Amino acid sequence: MRGLYVHIPFCRSKCGYCDFASAPGTPADIDAYLTALEAEAALYAGLAGSFGTLYVGGGTPSLLSPGQLRRLFSAVARLTGPIAGLAESTFEANPESMDAAKAALLKEAGISRVSMGLQAAQDRLLKRLGRVAMTSDFAAAWAALRAAGFDNINADLMCGLPGQTDEDFRTSLDFLLGFAPEHVSFYALEVHEGTPFAAAGVVEEPDMAAGMYDHGAAALKAAGLPRYEISNFARPGRESLHNLNYWDQGEYLGLGPSAASYLDGERRANSPLTAAYEAALSSGNRPPLEYSERLEGRAKRAERIMLGLRRAAGIELADDIFIEFGPELERLLAAGLIERAGRRIRIKEDKFYVSNAVFREFV
Ligand code: SF4
């Protein structure tokens, strides 16, 4: 099963922590972008009908007008066939641009899953993050999605935020669980170079975040959403099929600036610059690449282990892989970071917060 990812690089404004390819754009900017996206999609007409999942992410895809959404979905459907026929189709939204009419349009287009950002349930923290939507907007957008019939919704939640107390975090968790989400993506704040937060000197607080992270993981599990991947928690049967395919080293095509693909053994990503992306496609060329590499042999097997270890269930390895990666696996077992049961290895439940220390062994 191949996945199709479509990137929408527009947001109402830039959040302080954001390092995604996204920027504010006018309706005319979005129209011009859709023209380029249609041209890129046409390059892959040969893959039409081979996709099992769709993920429209960003950026803020819900920023598109109803007309622009229809245009987007018809370009997508030329590759996927009827969207309602896919095993899963996710659409990312932010509360400030989600209402009853848009929720109904998504449903009518065949979208089966919506992912929406909450991050925290205190408006003072949301303002500090540079978020547009406040908690009341989230509640209204959630109600609109449920009323439209969506029974598979993810919410993003963060911890380790500047000015966030343990009490704030617990309140945020309770607030979110009150909506009975099917899926929660839960991250500690990372301050990346080039973001407004980095420029303002905001620093990560790993000790504070680690406590919240462990508490959050336990509370989500107790609420019926066990962890199935480092940062992802779901009710059984509501795990994201599109993302599971990434972690199974499955194939996917990414369209749009910064979008990554893995096809025919080659990993590549488009340049994150929207202007360069549009310029190339309007001249009949392929978009510029940020990188491209062919993973083979040991590097490919190492990647498979790393991706498999992202999953809570871990990964089953053949005997020859245990021999090939014996020293690395022994070090991780001795350090108490992973555990082994027969042919299966996995990261220990209380070590997910330091999973980067595990992955470093395989880079
Ligand atoms: S809404 Fe998401 S993609 Fe847009 S600026 Fe904020 S974090 Fe970045």
# chains A, B, ... in the order shown; residues from 1 in each chain; ligands from 1
>>> residues_near_ligand(ligand="ligand 1", cutoff="6 Å", atoms="only C-alpha atoms and all ligand atoms", output="VMD selection string")
chain A and resid 11 13 to 15 18 20 22 58 to 60
>>> closest_atom_pairs(of="stretch 211-269 of chain A", to="stretch 32-48 of chain A", cutoff="10 Å", atoms="only C-alpha atoms", output="Markdown table")
| residue | atom | partner | partner_atom | distance |
| --- | --- | --- | --- | --- |
| A:Leu253 | CA | A:Tyr44 | CA | 8.9 |
| A:Gly254 | CA | A:Ala41 | CA | 9.5 |
| A:Leu255 | CA | A:Glu40 | CA | 6.9 |
| A:Gly256 | CA | A:Leu37 | CA | 6.3 |
| A:Pro257 | CA | A:Leu37 | CA | 9.3 |
>>> write_last_selection(atoms="C-alpha atoms", output="PDB file, in the first residue's frame")
ATOM      1  CA  LEU A 253       4.785   9.991  -2.765  1.00  0.00           C
ATOM      2  CA  GLY A 254       4.941  13.529  -1.405  1.00  0.00           C
ATOM      3  CA  LEU A 255       3.700  16.487  -3.423  1.00  0.00           C
ATOM      4  CA  GLY A 256       4.532  20.134  -2.671  1.00  0.00           C
ATOM      5  CA  PRO A 257       7.491  22.057  -1.257  1.00  0.00           C
TER       6      PRO A 257
END
>>> atom_distance(atom1="atom CA of A:Ile305", atom2="atom CA of A:Phe186")
22.5 Å
>>> atom_distance(atom1="atom CA of A:Thr274", atom2="atom CA of A:Asn232")
29.0 Å
>>> closest_atom_pairs(of="stretch 207-238 of chain A", to="stretch 346-360 of chain A", cutoff="8 Å", atoms="only C-alpha atoms", output="Markdown table")
| residue | atom | partner | partner_atom | distance |
| --- | --- | --- | --- | --- |
| A:Ala210 | CA | A:Tyr353 | CA | 6.7 |
| A:Tyr213 | CA | A:Tyr353 | CA | 7.4 |
| A:Asp214 | CA | A:Asp350 | CA | 7.4 |
| A:Ile230 | CA | A:Phe352 | CA | 6.0 |
>>> write_last_selection(atoms="C-alpha atoms", output="PDB file, in the first residue's frame")
ATOM      1  CA  ALA A 210      10.272  14.814  30.593  1.00  0.00           C
ATOM      2  CA  TYR A 213       5.791  13.611  28.886  1.00  0.00           C
ATOM      3  CA  ASP A 214       5.778  10.603  31.205  1.00  0.00           C
ATOM      4  CA  ILE A 230       6.976   7.531  20.128  1.00  0.00           C
TER       5      ILE A 230
END
>>> residues_around(residues="A:Leu173", least_positions_apart="2", cutoff="9 Å", atoms="only C-alpha atoms", output="list in words")
Ala120, Ala121, Leu157, Asp168, Phe169, Arg170, Thr171, Phe175, Leu176, Leu177, Gly178, Gly216, Ala219 and Leu220 of chain A
